[in-house]
$ cat my_file-v6.txt   # compact mmCIF, C-alpha atoms and all ligand atoms
# COMPACT_ATOMS: atom_id res chain seq x y z
CA MET A 1 -45.68 -36.71 -16.86
CA THR A 2 -43.95 -33.83 -18.59
CA ARG A 3 -45.74 -32.64 -21.68
CA GLY A 4 -42.97 -30.58 -23.23
CA SER A 5 -43.42 -27.15 -24.73
CA PRO A 6 -47.06 -26.06 -25.04
CA PHE A 7 -46.30 -24.12 -28.26
CA THR A 8 -47.01 -25.43 -31.73
CA THR A 9 -44.20 -24.43 -34.01
CA SER A 10 -45.48 -26.30 -37.05
CA GLN A 11 -44.35 -24.61 -40.26
CA ASN A 12 -46.62 -26.71 -42.45
CA ILE A 13 -49.19 -24.06 -43.23
CA PHE A 14 -48.05 -20.43 -43.13
CA THR A 15 -45.03 -18.88 -44.75
CA ASP A 16 -46.09 -15.45 -43.47
CA ARG A 17 -49.08 -15.34 -41.18
CA ASP A 18 -48.96 -11.52 -40.97
CA VAL A 19 -50.36 -11.41 -44.50
CA PHE A 20 -53.66 -12.42 -42.90
CA ASP A 21 -53.60 -9.57 -40.40
CA VAL A 22 -56.64 -7.61 -41.55
CA GLU A 23 -55.76 -4.39 -39.77
CA GLY A 24 -52.00 -4.28 -40.21
CA PHE A 25 -51.31 -5.64 -43.68
CA GLN A 26 -51.71 -3.46 -46.75
CA PRO A 27 -51.83 -5.53 -49.95
CA ALA A 28 -49.68 -4.33 -52.84
CA GLU A 29 -52.64 -4.57 -55.22
CA LEU A 30 -56.34 -4.28 -54.55
CA ILE A 31 -58.44 -6.88 -56.29
CA GLU A 32 -61.71 -6.15 -58.13
CA ARG A 33 -61.93 -2.48 -57.17
CA GLU A 34 -60.83 -0.97 -60.51
CA ASP A 35 -63.98 1.11 -60.98
CA GLN A 36 -63.85 2.56 -57.49
CA ILE A 37 -60.12 3.26 -57.81
CA ASP A 38 -60.64 5.06 -61.15
CA GLU A 39 -63.46 7.19 -59.81
CA TYR A 40 -61.68 7.95 -56.56
CA ALA A 41 -58.42 8.81 -58.35
CA SER A 42 -60.12 11.17 -60.76
CA ALA A 43 -61.76 13.02 -57.89
CA LEU A 44 -58.35 13.44 -56.24
CA GLU A 45 -56.44 14.25 -59.42
CA PRO A 46 -56.73 18.07 -59.23
CA VAL A 47 -54.39 17.88 -56.24
CA LEU A 48 -51.57 16.86 -58.58
CA ASN A 49 -51.77 20.33 -60.10
CA GLY A 50 -52.07 22.02 -56.76
CA TRP A 51 -55.78 22.63 -57.35
CA ASN A 52 -58.60 22.17 -54.95
CA PRO A 53 -59.75 18.55 -54.90
CA ASN A 54 -63.39 17.56 -54.72
CA ASN A 55 -64.84 16.67 -51.39
CA ILE A 56 -65.47 12.95 -51.50
CA PHE A 57 -67.82 10.70 -49.61
CA ILE A 58 -67.00 6.99 -49.59
CA TYR A 59 -69.65 4.60 -48.39
CA GLY A 60 -70.27 0.87 -48.34
CA LYS A 61 -70.68 -1.96 -45.89
CA THR A 62 -67.97 -3.15 -43.57
CA GLY A 63 -64.99 -4.97 -45.10
CA THR A 64 -65.55 -3.70 -48.64
CA GLY A 65 -62.12 -2.10 -48.97
CA LYS A 66 -62.92 1.55 -48.19
CA THR A 67 -59.99 2.07 -45.84
CA ALA A 68 -57.60 -0.13 -47.82
CA THR A 69 -58.39 1.67 -51.09
CA THR A 70 -58.03 5.06 -49.44
CA GLN A 71 -54.61 4.17 -48.02
CA TYR A 72 -53.57 2.76 -51.37
CA LEU A 73 -54.54 5.94 -53.24
CA LEU A 74 -52.98 8.26 -50.67
CA GLU A 75 -49.72 6.37 -51.00
CA TRP A 76 -49.81 6.77 -54.77
CA LEU A 77 -50.65 10.42 -54.42
CA ARG A 78 -47.65 11.05 -52.19
CA LYS A 79 -45.41 9.11 -54.55
CA ASP A 80 -46.63 10.84 -57.70
CA ILE A 81 -46.27 14.24 -56.15
CA ALA A 82 -42.73 13.46 -55.07
CA GLU A 83 -41.92 12.32 -58.62
CA HIS A 84 -43.57 15.34 -60.16
CA THR A 85 -41.52 17.58 -57.97
CA ALA A 86 -38.31 15.76 -58.82
CA GLU A 87 -39.03 15.79 -62.57
CA HIS A 88 -40.49 19.23 -63.15
CA GLY A 89 -39.17 21.12 -60.20
CA THR A 90 -42.76 22.10 -59.41
CA ASP A 91 -43.44 22.18 -55.75
CA ILE A 92 -46.91 20.95 -54.92
CA ASP A 93 -47.62 21.58 -51.34
CA LEU A 94 -49.87 18.77 -50.14
CA SER A 95 -50.54 17.83 -46.53
CA ILE A 96 -52.59 14.77 -45.71
CA ILE A 97 -54.27 14.19 -42.38
CA TYR A 98 -55.87 10.82 -41.87
CA LEU A 99 -58.09 10.43 -38.81
CA ASN A 100 -59.97 7.36 -37.74
CA CYS A 101 -62.99 8.69 -35.87
CA GLU A 102 -63.87 5.47 -34.06
CA ALA A 103 -62.94 6.99 -30.71
CA LEU A 104 -63.81 10.58 -31.68
CA THR A 105 -67.48 10.74 -30.95
CA SER A 106 -68.27 14.41 -31.36
CA SER A 107 -67.59 17.29 -33.71
CA TYR A 108 -65.61 18.98 -30.97
CA GLN A 109 -63.29 16.00 -30.46
CA ILE A 110 -62.63 15.68 -34.16
CA ALA A 111 -61.88 19.38 -34.50
CA VAL A 112 -59.44 19.29 -31.57
CA GLU A 113 -57.72 16.22 -33.00
CA LEU A 114 -57.35 17.91 -36.39
CA LEU A 115 -55.97 21.04 -34.81
CA ASN A 116 -53.44 19.04 -32.85
CA GLU A 117 -52.38 17.14 -35.96
CA LEU A 118 -51.64 20.48 -37.63
CA ARG A 119 -49.84 21.97 -34.67
CA ASP A 120 -46.43 20.87 -33.47
CA GLU A 121 -46.14 18.80 -30.36
CA HIS A 122 -45.23 21.70 -28.07
CA ASN A 123 -48.31 23.65 -28.97
CA GLN A 124 -51.14 21.14 -28.50
CA VAL A 125 -54.55 22.13 -27.14
CA ALA A 126 -56.27 20.27 -24.33
CA THR A 127 -59.22 18.11 -25.31
CA ARG A 128 -61.55 20.02 -22.99
CA GLY A 129 -62.23 23.48 -21.81
CA HIS A 130 -62.13 25.53 -25.00
CA ALA A 131 -65.02 27.22 -26.73
CA PRO A 132 -65.78 25.39 -29.98
CA SER A 133 -65.62 28.68 -31.89
CA ASP A 134 -62.01 29.14 -30.68
CA ILE A 135 -61.10 25.65 -31.83
CA TYR A 136 -62.48 26.30 -35.32
CA ASN A 137 -60.76 29.69 -35.57
CA TRP A 138 -57.43 28.16 -34.57
CA LEU A 139 -57.99 25.30 -36.98
CA PHE A 140 -58.51 27.68 -39.89
CA GLU A 141 -55.49 29.72 -38.83
CA GLU A 142 -53.36 26.57 -38.91
CA LEU A 143 -54.72 25.56 -42.31
CA ASP A 144 -53.91 29.00 -43.68
CA ALA A 145 -50.45 28.86 -42.19
CA THR A 146 -49.88 25.40 -43.65
CA GLY A 147 -50.85 26.72 -47.09
CA GLY A 148 -51.12 24.65 -50.27
CA VAL A 149 -53.64 21.86 -50.29
CA THR A 150 -54.63 19.99 -47.16
CA LEU A 151 -56.51 16.77 -47.55
CA VAL A 152 -58.42 15.64 -44.47
CA VAL A 153 -59.59 12.04 -44.35
CA LEU A 154 -62.25 11.28 -41.75
CA ASP A 155 -62.59 7.50 -41.65
CA GLU A 156 -65.59 5.98 -39.80
CA ILE A 157 -67.07 9.47 -39.68
CA ASP A 158 -70.50 8.11 -38.66
CA ASN A 159 -69.18 8.07 -35.07
CA VAL A 160 -69.51 11.85 -34.99
CA GLY A 161 -73.05 11.56 -33.62
CA GLU A 162 -75.92 13.94 -34.20
CA ASP A 163 -74.05 17.21 -34.25
CA ASP A 164 -72.19 17.44 -37.57
CA THR A 165 -70.80 20.96 -37.05
CA VAL A 166 -67.25 19.88 -37.86
CA LEU A 167 -68.36 18.73 -41.29
CA TYR A 168 -70.24 21.95 -41.89
CA LYS A 169 -67.19 23.98 -40.91
CA LEU A 170 -64.78 21.92 -43.01
CA ALA A 171 -67.08 22.09 -45.99
CA ARG A 172 -66.97 25.89 -45.81
CA PRO A 173 -63.54 26.62 -44.42
CA GLU A 174 -62.79 30.26 -43.60
CA ILE A 175 -59.33 30.23 -45.14
CA GLU A 176 -57.66 32.43 -47.73
CA ASP A 177 -54.19 31.18 -48.42
CA ALA A 178 -54.89 27.47 -48.67
CA THR A 179 -57.37 24.94 -49.97
CA LEU A 180 -58.96 22.04 -48.20
CA GLY A 181 -60.39 18.77 -49.46
CA VAL A 182 -62.40 16.48 -47.20
CA ILE A 183 -62.83 12.74 -47.62
CA GLY A 184 -65.53 11.22 -45.42
CA ILE A 185 -65.78 7.43 -45.10
CA SER A 186 -68.73 5.58 -43.59
CA ASN A 187 -70.24 2.11 -43.47
CA ASP A 188 -73.52 3.41 -42.09
CA PHE A 189 -75.90 4.02 -44.95
CA SER A 190 -78.31 6.10 -42.94
CA PHE A 191 -75.52 8.49 -41.90
CA ARG A 192 -75.43 10.20 -45.29
CA ASP A 193 -79.19 10.63 -45.37
CA GLU A 194 -79.29 12.10 -41.92
CA LEU A 195 -76.66 14.75 -42.60
CA SER A 196 -78.09 18.23 -42.72
CA ALA A 197 -78.79 19.23 -46.31
CA LYS A 198 -76.15 21.97 -46.41
CA VAL A 199 -73.45 19.57 -45.22
CA ARG A 200 -74.52 16.85 -47.61
CA ASP A 201 -74.39 19.14 -50.64
CA SER A 202 -70.82 20.19 -50.03
CA LEU A 203 -69.36 17.09 -48.41
CA CYS A 204 -70.85 14.68 -50.90
CA GLU A 205 -69.73 16.48 -54.08
CA LYS A 206 -68.44 13.16 -55.24
CA GLU A 207 -69.91 9.96 -53.82
CA ILE A 208 -68.42 6.54 -54.38
CA LEU A 209 -70.15 3.35 -53.36
CA PHE A 210 -68.14 0.29 -52.39
CA PRO A 211 -70.47 -2.65 -52.95
CA ALA A 212 -70.27 -5.86 -50.93
CA TYR A 213 -68.03 -8.47 -52.54
CA GLU A 214 -69.41 -11.43 -54.43
CA SER A 215 -68.09 -14.90 -53.83
CA ASP A 216 -65.83 -14.93 -56.92
CA GLU A 217 -64.27 -11.60 -55.93
CA LEU A 218 -63.56 -12.85 -52.44
CA ARG A 219 -61.92 -15.92 -53.97
CA GLU A 220 -59.45 -13.68 -55.82
CA ILE A 221 -58.76 -11.64 -52.68
CA LEU A 222 -58.08 -14.83 -50.72
CA ARG A 223 -55.92 -16.28 -53.48
CA GLN A 224 -53.74 -13.18 -53.34
CA ARG A 225 -53.27 -13.59 -49.57
CA ALA A 226 -52.70 -17.33 -49.89
CA GLU A 227 -49.98 -16.84 -52.51
CA ASN A 228 -48.15 -14.47 -50.21
CA GLY A 229 -48.74 -16.11 -46.86
CA LEU A 230 -49.40 -19.84 -47.23
CA ARG A 231 -47.26 -22.75 -48.31
CA GLU A 232 -48.07 -23.73 -51.85
CA ASP A 233 -49.39 -27.16 -50.91
CA ALA A 234 -51.13 -25.98 -47.73
CA TYR A 235 -54.29 -24.86 -49.56
CA ASP A 236 -56.35 -25.71 -52.57
CA ASN A 237 -59.20 -24.21 -54.58
CA ALA A 238 -61.80 -25.93 -52.43
CA SER A 239 -60.73 -24.36 -49.13
CA ILE A 240 -60.47 -20.92 -50.74
CA ALA A 241 -63.85 -21.27 -52.45
CA LEU A 242 -65.55 -22.35 -49.25
CA SER A 243 -64.11 -19.49 -47.18
CA ALA A 244 -65.17 -17.04 -49.89
CA ALA A 245 -68.64 -18.54 -50.15
CA TYR A 246 -69.25 -18.28 -46.39
CA ALA A 247 -68.18 -14.64 -46.27
CA ALA A 248 -70.22 -13.82 -49.39
CA GLN A 249 -73.34 -15.42 -47.92
CA ASP A 250 -72.96 -13.37 -44.78
CA LYS A 251 -71.86 -9.77 -45.46
CA GLY A 252 -69.62 -9.88 -48.51
CA SER A 253 -66.81 -8.65 -46.31
CA ALA A 254 -63.18 -9.23 -47.30
CA ARG A 255 -62.23 -8.88 -43.65
CA GLN A 256 -64.45 -11.78 -42.72
CA ALA A 257 -63.16 -13.94 -45.60
CA ILE A 258 -59.54 -13.33 -44.58
CA ASP A 259 -60.37 -13.98 -40.91
CA ILE A 260 -61.94 -17.33 -41.80
CA MET A 261 -58.95 -18.37 -43.89
CA ARG A 262 -56.46 -17.39 -41.17
CA GLU A 263 -58.46 -19.19 -38.51
CA ALA A 264 -58.65 -22.29 -40.73
CA GLY A 265 -54.87 -22.11 -41.13
CA ASP A 266 -54.46 -21.87 -37.37
CA ILE A 267 -56.65 -24.92 -36.79
CA ALA A 268 -54.70 -26.90 -39.39
CA ARG A 269 -51.43 -25.76 -37.84
CA ARG A 270 -52.49 -26.84 -34.36
CA GLU A 271 -53.49 -30.23 -35.70
CA ASP A 272 -50.12 -30.47 -37.40
CA ALA A 273 -51.98 -31.06 -40.67
CA GLU A 274 -50.28 -30.63 -44.03
CA THR A 275 -53.13 -28.80 -45.71
CA ILE A 276 -56.18 -26.71 -44.88
CA THR A 277 -59.25 -28.82 -45.51
CA GLU A 278 -62.89 -27.87 -45.94
CA ALA A 279 -63.53 -29.20 -42.43
CA HIS A 280 -60.98 -26.69 -41.09
CA VAL A 281 -62.77 -23.90 -42.94
CA GLU A 282 -66.10 -25.05 -41.57
CA ALA A 283 -64.79 -24.97 -38.01
CA ALA A 284 -63.09 -21.63 -38.62
CA LYS A 285 -66.33 -20.07 -39.86
CA GLY A 286 -68.03 -20.97 -36.57
CA ILE A 287 -65.18 -19.52 -34.52
CA VAL A 288 -65.08 -16.25 -36.48
CA GLU A 289 -68.85 -15.84 -36.29
CA ARG A 290 -68.98 -16.61 -32.58
CA GLY A 291 -66.11 -14.23 -31.91
CA ARG A 292 -67.80 -11.43 -33.79
CA VAL A 293 -71.19 -11.96 -32.18
CA SER A 294 -69.84 -12.23 -28.62
CA GLU A 295 -67.68 -9.19 -29.12
CA MET A 296 -70.64 -7.14 -30.24
CA ILE A 297 -72.90 -8.49 -27.50
CA GLY A 298 -70.23 -7.85 -24.88
CA GLY A 299 -70.45 -4.13 -25.56
CA LEU A 300 -74.22 -3.91 -25.07
CA SER A 301 -76.07 -2.64 -22.03
CA PRO A 302 -78.22 -5.24 -20.21
CA HIS A 303 -81.45 -4.13 -21.90
CA GLY A 304 -79.64 -3.95 -25.23
CA LYS A 305 -78.87 -7.63 -24.63
CA TYR A 306 -82.48 -8.45 -23.74
CA ALA A 307 -83.67 -6.64 -26.87
CA LEU A 308 -81.24 -8.66 -28.97
CA HIS A 309 -82.22 -11.90 -27.27
CA ALA A 310 -85.87 -11.13 -28.03
CA LEU A 311 -85.10 -10.36 -31.67
CA ALA A 312 -83.04 -13.56 -32.03
CA THR A 313 -85.91 -15.56 -30.55
CA ALA A 314 -88.36 -13.98 -32.99
CA ASP A 315 -85.97 -14.68 -35.87
CA ARG A 316 -85.62 -18.33 -34.92
CA GLU A 317 -89.40 -18.67 -34.84
CA GLY A 318 -89.57 -17.16 -38.33
CA GLU A 319 -91.38 -14.07 -37.07
CA THR A 320 -89.07 -11.43 -38.50
CA PRO A 321 -89.33 -8.73 -39.78
CA ILE A 322 -91.22 -7.90 -36.64
CA ARG A 323 -92.97 -4.73 -35.47
CA THR A 324 -92.19 -3.03 -32.19
CA LYS A 325 -95.39 -4.03 -30.39
CA ASP A 326 -94.94 -7.72 -31.21
CA LEU A 327 -91.30 -7.65 -30.25
CA TYR A 328 -92.17 -5.88 -27.02
CA GLU A 329 -94.11 -8.97 -25.91
CA ILE A 330 -91.14 -11.28 -26.45
CA TYR A 331 -88.85 -8.74 -24.81
CA GLY A 332 -91.18 -8.80 -21.78
CA ILE A 333 -90.77 -12.58 -21.53
CA VAL A 334 -86.97 -12.30 -21.78
CA CYS A 335 -86.92 -9.66 -19.02
CA ASP A 336 -89.09 -11.93 -16.93
CA GLN A 337 -86.55 -14.73 -17.33
CA HIS A 338 -83.89 -12.37 -15.99
CA ALA A 339 -86.16 -11.24 -13.15
CA THR A 340 -86.04 -7.67 -14.43
CA ASP A 341 -88.86 -5.26 -15.21
CA PRO A 342 -89.13 -4.37 -18.89
CA LEU A 343 -88.45 -0.77 -19.89
CA SER A 344 -91.00 1.26 -21.88
CA ASP A 345 -91.55 0.46 -25.56
CA ARG A 346 -89.96 3.79 -26.34
CA ALA A 347 -86.79 2.66 -24.52
CA LEU A 348 -86.92 -0.67 -26.36
CA ARG A 349 -86.94 1.24 -29.65
CA ASP A 350 -83.85 3.16 -28.54
CA HIS A 351 -82.07 -0.09 -27.77
CA LEU A 352 -83.06 -1.47 -31.15
CA SER A 353 -81.60 1.62 -32.82
CA GLU A 354 -78.37 0.88 -30.99
CA LEU A 355 -78.43 -2.69 -32.38
CA ASP A 356 -78.98 -1.28 -35.86
CA LEU A 357 -76.05 1.09 -35.43
CA ILE A 358 -73.56 -1.64 -34.61
CA GLY A 359 -74.77 -4.03 -37.27
CA LEU A 360 -76.65 -6.60 -35.20
CA ALA A 361 -80.08 -5.65 -36.50
CA THR A 362 -81.69 -3.69 -39.31
CA ILE A 363 -84.58 -1.27 -39.00
CA ASN A 364 -86.91 -0.99 -41.97
CA ARG A 365 -89.08 2.08 -41.99
CA LYS A 366 -92.45 1.29 -43.54
CA ASN A 367 -95.13 3.59 -44.72
CA ALA A 368 -98.56 1.97 -45.03
CA GLY A 369 -100.15 5.15 -46.33
CA ARG A 370 -103.07 6.92 -44.77
CA ALA A 371 -104.64 3.78 -43.39
CA GLY A 372 -101.62 2.21 -41.71
CA GLY A 373 -99.37 5.19 -41.03
CA LYS A 374 -95.63 4.90 -40.56
CA TYR A 375 -94.06 2.11 -38.57
CA LYS A 376 -90.79 0.30 -38.08
CA GLN A 377 -89.91 -3.32 -38.58
CA TYR A 378 -86.86 -5.04 -37.18
CA GLU A 379 -84.69 -7.81 -38.55
CA LEU A 380 -81.74 -9.67 -37.08
CA ASP A 381 -78.50 -9.17 -39.00
CA VAL A 382 -76.51 -12.06 -37.55
CA ASN A 383 -77.13 -15.77 -37.16
CA ALA A 384 -79.88 -16.31 -34.54
CA GLU A 385 -78.36 -19.57 -33.31
CA ARG A 386 -75.03 -17.85 -32.65
CA VAL A 387 -76.76 -15.17 -30.61
CA ILE A 388 -78.76 -17.65 -28.56
CA GLU A 389 -75.64 -19.78 -28.12
CA ALA A 390 -73.76 -16.73 -26.84
CA PHE A 391 -76.53 -16.04 -24.33
CA ALA A 392 -76.37 -19.65 -23.19
CA THR A 393 -72.69 -19.30 -22.29
CA THR A 394 -73.29 -16.73 -19.62
CA ASP A 395 -69.63 -16.00 -18.95
CA SER A 396 -69.31 -14.26 -22.31
CA VAL A 397 -72.59 -12.44 -21.83
CA ASP A 398 -73.00 -10.97 -18.40
CA VAL A 399 -76.61 -9.94 -17.98
CA SER A 400 -76.56 -9.83 -14.22
CA SER A 401 -76.45 -6.04 -13.93
CA THR A 402 -79.81 -4.36 -13.58
CA SER A 403 -79.00 -0.84 -14.77
CA PRO A 404 -80.57 0.00 -18.15
N1 LIG B 501 -60.09 -5.41 -53.01
C1 LIG B 501 -59.31 -5.89 -52.05
N2 LIG B 501 -58.18 -6.55 -52.35
C2 LIG B 501 -57.38 -7.03 -51.37
N3 LIG B 501 -57.65 -6.91 -50.07
C3 LIG B 501 -58.78 -6.27 -49.71
C4 LIG B 501 -59.66 -5.73 -50.68
N4 LIG B 501 -60.71 -5.15 -50.06
C5 LIG B 501 -60.51 -5.32 -48.74
N5 LIG B 501 -59.36 -5.99 -48.52
C6 LIG B 501 -58.82 -6.34 -47.21
O1 LIG B 501 -59.91 -6.66 -46.36
C7 LIG B 501 -59.77 -6.07 -45.07
C8 LIG B 501 -60.92 -5.11 -44.80
O2 LIG B 501 -60.89 -4.02 -45.73
P1 LIG B 501 -61.07 -2.49 -45.24
O3 LIG B 501 -60.46 -2.32 -43.91
O4 LIG B 501 -60.58 -1.61 -46.33
O5 LIG B 501 -62.65 -2.44 -45.13
P2 LIG B 501 -63.59 -1.18 -44.86
O6 LIG B 501 -64.48 -1.05 -46.04
O7 LIG B 501 -62.75 -0.01 -44.48
O8 LIG B 501 -64.46 -1.71 -43.63
P3 LIG B 501 -65.05 -0.90 -42.34
O9 LIG B 501 -66.26 -0.19 -42.84
O10 LIG B 501 -65.39 -1.98 -41.39
O11 LIG B 501 -63.97 0.02 -41.86
C9 LIG B 501 -58.40 -5.40 -45.08
O12 LIG B 501 -57.47 -6.28 -44.52
C10 LIG B 501 -58.12 -5.16 -46.56
O13 LIG B 501 -56.74 -5.17 -46.81
MG MG B 502 -62.46 1.01 -42.68
$ encode --input "my_file-v6.txt" --output "C-alpha cells" --more "lines below"
Ligand SMILES: Nc1ncnc2c1ncn2[C@@H]1O[C@H](COP(=O)(O)OP(=O)(O)OP(=O)(O)O)[C@@H](O)[C@H]1O
Ligand SMILES: [Mg+2]
Amino acid sequence: MTRGSPFTTSQNIFTDRDVFDVEGFQPAELIEREDQIDEYASALEPVLNGWNPNNIFIYGKTGTGKTATTQYLLEWLRKDIAEHTAEHGTDIDLSIIYLNCEALTSSYQIAVELLNELRDEHNQVATRGHAPSDIYNWLFEELDATGGVTLVVLDEIDNVGEDDTVLYKLARPEIEDATLGVIGISNDFSFRDELSAKVRDSLCEKEILFPAYESDELREILRQRAENGLREDAYDNASIALSAAYAAQDKGSARQAIDIMREAGDIARREDAETITEAHVEAAKGIVERGRVSEMIGGLSPHGKYALHALATADREGETPIRTKDLYEIYGIVCDQHATDPLSDRALRDHLSELDLIGLATINRKNAGRAGGKYKQYELDVNAERVIEAFATTDSVDVSSTSP
C-alpha cells in the first residue's frame, strides 16, 4: 500500500510558525516589562550624550525576558543615536559588543573573544598561548583606539566560572581616550553574591531584577504571539490561559509558555484539527517538560545522574528538602541498582552543586546556630515523575558508563 507523502501540510493552525521560535524571533513590543525597561533605559541614557553609562547587572530566572529586553533596548539606542546624529549633526561614537558567554567558560576566553570582536578579521589573536596580561593590555589598547563609548554586554555571564578577572579588569579599564560600560546578565542568583566584593561594587552599580512572570502576564505574551502567528479561529482564551497557567506554575518562564503553545499547535496541525484545544495543550506540556528534563539529564555525568535519581526518589516520597547524609543513603541504593560503588559524600555534594547550577535542584544553606551548625538541604526543581520516567527510558539516559 502506498501511503503518500509523509508530510503534514495542514494550514489550519499557523499563519507564521516562526513567531513561536523562542531564540530567533524578536517581538516588536515587550509585554509587562515597563518598569524594567524604564529603569534599564535610564541607566543607559547617558550614552545618548556621549557620557559614560552606568555598569548594569541584570538578573532574574530563565525566560523572564532579560535577553529580549536587552536586544530591544540596544536596538532603540542605535536608532536614537542615528536620529540624533542626523538631526543635530552631533556625532556620538557608540560601539556595542554583545557576547553570549554560554560557551565562554573562563575570564581568559571572554577577554580573547572581546579583543577579537574589536580587532578586524586579519588581526585576530589565537584562543590559546598568550599571557592573560597581554590580552588585557591589547584589549585596552583597542578600546582606546576605538574611542567614544563602548558598551559591552556579557549575557549568561555566570558561565565565567570562579575566576572573575575579566569583570574586575572591565570594571576598572586602563583606558584614557574612551569610556566603557559593562552590562552583565545572569539567571544564577548566587553568581552575584559570589562575585568578589570589588567586582560587585563596580559591576553592579545599577541592578535590575526581572521577576518570574505571573499567569496573567504570560497570557498577554502568548496572546501577542497568537495574534501574529496563529489563525484567528485556531485558538481561544482557554488554550492560551491553560498554557500560561502551566508555565506560571512551573518557572514563570515566557520561553516555556511559548514552547507549550507552539507544541500544542504542532499537535493540532498533525491531527488536522481546526483549533488548538485544552487537550492539545495538556499533551504539549508533557512533551515540553520531558524534552527539557531529558536534555538536562543527557548532559550529566553518570554520578550526576545517580544523584538526581536519588533526589527525585526522595522528592516522590515527600522527603525533600533533604540533608546530605539522608540523601547519601538513597544515592547508595541507586548506585547499587547500577552495580556501581558510590562516591564519597563530598563528591555527592559536588554533583548536587552541579544539579543546582543547571536548574535541576536547589541548595538551601541553613544555619541552625551554635547547636546545629551550618548545613545544606536539597530540593528537586523539576517534576519528580518526569525525572523517574526519563530514567526508565534508558535510551535517553545512558547510565552504563562507570567513570565519575
Ligand atoms: N515581556 C515579553 N514580551 C514578549 N515576549 C517575551 C517577553 N519576555 C520574554 N519573551 C520571550 O520569551 C523568550 C525567552 O525570553 P529571554 O530569552 O529574553 O529570556 P532570558 O531571561 O534571557 O532567559 P535565560 O536566562 O534563560 O537566558 C523569548 O522568545 C522572548 O522573546
Ligand atoms: Mg537570555
$ axis_aligned_box --input "my_file-v6.txt" --around "stretch 11-15 of chain A" --padding-each-side "8 Å" --output "JSON"
{"center_x": -46.8, "center_y": -22.8, "center_z": -42.5, "size_x": 20.8, "size_y": 23.8, "size_z": 20.5}
$ closest_atom_pairs --input "my_file-v6.txt" --of "chain A" --to "ligand MG 502 (chain B)" --cutoff "8 Å" --atoms "only C-alpha atoms and all ligand atoms" --output "CSV"
residue,atom,partner,partner_atom,distance
A:Thr62,CA,B:MG502,MG,7.0
A:Gly63,CA,B:MG502,MG,6.9
A:Gly65,CA,B:MG502,MG,7.0
A:Lys66,CA,B:MG502,MG,5.6
A:Thr67,CA,B:MG502,MG,4.1
A:Ala68,CA,B:MG502,MG,7.2
A:Asp155,CA,B:MG502,MG,6.6
A:Glu156,CA,B:MG502,MG,6.5
A:Ile185,CA,B:MG502,MG,7.6
A:Ser186,CA,B:MG502,MG,7.8
A:Asn187,CA,B:MG502,MG,7.9
$ atom_distance --input "my_file-v6.txt" --atom1 "atom CA of A:Leu99" --atom2 "atom CA of A:Gly291"
26.8 Å
$ atom_distance --input "my_file-v6.txt" --atom1 "atom CA of A:Asp216" --atom2 "atom CA of A:Ala245"
8.2 Å
$ residues_around --input "my_file-v6.txt" --residues "stretch 349-360 of chain A" --least-positions-apart "2" --cutoff "9 Å" --atoms "all atoms listed in the file" --output "PDB file with C-alpha atoms, in the frame of the given file"
ATOM      1  CA  ASP A 188     -73.520   3.410 -42.090  1.00  0.00           C
ATOM      2  CA  VAL A 293     -71.190 -11.960 -32.180  1.00  0.00           C
ATOM      3  CA  MET A 296     -70.640  -7.140 -30.240  1.00  0.00           C
ATOM      4  CA  ILE A 297     -72.900  -8.490 -27.500  1.00  0.00           C
ATOM      5  CA  LEU A 300     -74.220  -3.910 -25.070  1.00  0.00           C
ATOM      6  CA  SER A 301     -76.070  -2.640 -22.030  1.00  0.00           C
ATOM      7  CA  HIS A 303     -81.450  -4.130 -21.900  1.00  0.00           C
ATOM      8  CA  GLY A 304     -79.640  -3.950 -25.230  1.00  0.00           C
ATOM      9  CA  LYS A 305     -78.870  -7.630 -24.630  1.00  0.00           C
ATOM     10  CA  ALA A 307     -83.670  -6.640 -26.870  1.00  0.00           C
ATOM     11  CA  LEU A 308     -81.240  -8.660 -28.970  1.00  0.00           C
ATOM     12  CA  THR A 324     -92.190  -3.030 -32.190  1.00  0.00           C
ATOM     13  CA  SER A 344     -91.000   1.260 -21.880  1.00  0.00           C
ATOM     14  CA  ASP A 345     -91.550   0.460 -25.560  1.00  0.00           C
ATOM     15  CA  ARG A 346     -89.960   3.790 -26.340  1.00  0.00           C
ATOM     16  CA  ALA A 347     -86.790   2.660 -24.520  1.00  0.00           C
ATOM     17  CA  THR A 362     -81.690  -3.690 -39.310  1.00  0.00           C
ATOM     18  CA  ILE A 363     -84.580  -1.270 -39.000  1.00  0.00           C
ATOM     19  CA  TYR A 378     -86.860  -5.040 -37.180  1.00  0.00           C
ATOM     20  CA  GLU A 379     -84.690  -7.810 -38.550  1.00  0.00           C
ATOM     21  CA  LEU A 380     -81.740  -9.670 -37.080  1.00  0.00           C
ATOM     22  CA  ASP A 381     -78.500  -9.170 -39.000  1.00  0.00           C
ATOM     23  CA  VAL A 382     -76.510 -12.060 -37.550  1.00  0.00           C
TER      24      VAL A 382
END
$ residues_around --input "my_file-v6.txt" --residues "A:Asp144" --least-positions-apart "6" --cutoff "7 Å" --atoms "only C-alpha atoms" --output "PDB file with C-alpha atoms, in the frame of the given file"
ATOM      1  CA  ILE A 175     -59.330  30.230 -45.140  1.00  0.00           C
ATOM      2  CA  GLU A 176     -57.660  32.430 -47.730  1.00  0.00           C
ATOM      3  CA  ASP A 177     -54.190  31.180 -48.420  1.00  0.00           C
ATOM      4  CA  ALA A 178     -54.890  27.470 -48.670  1.00  0.00           C
TER       5      ALA A 178
END
$ closest_residue --input "my_file-v6.txt" --among "A:Ala284, A:Leu348, A:Ala368, A:Ala86" --to "A:Ala268" --atoms "all atoms listed in the file"
A:Ala284
$ residues_near_point --input "my_file-v6.txt" --point "(-58.2, 22.8, -52.9)" --cutoff "7 Å" --atoms "all atoms listed in the file" --output "list of chain:residue names"
A:Trp51, A:Asn52, A:Pro53, A:Val149, A:Thr179, A:Leu180, A:Gly181
$ residues_near_point --input "my_file-v6.txt" --point "(-52.1, 24.5, -30.9)" --cutoff "12 Å" --atoms "all atoms listed in the file" --output "PyMOL selection string"
chain A and resi 111-127+130+134-143
$ atom_distance --input "my_file-v6.txt" --atom1 "atom CA of A:Thr105" --atom2 "atom CA of A:Ala43"
27.6 Å
$ closest_residue --input "my_file-v6.txt" --among "A:Phe57, A:Leu74, A:Asp250, A:Asp91" --to "A:Val199" --atoms "only C-alpha atoms"
A:Phe57
$ closest_residue --input "my_file-v6.txt" --among "A:Asp266, A:Asp326, A:Asp164, A:Asp341" --to "A:Lys198" --atoms "all atoms listed in the file"
A:Asp164
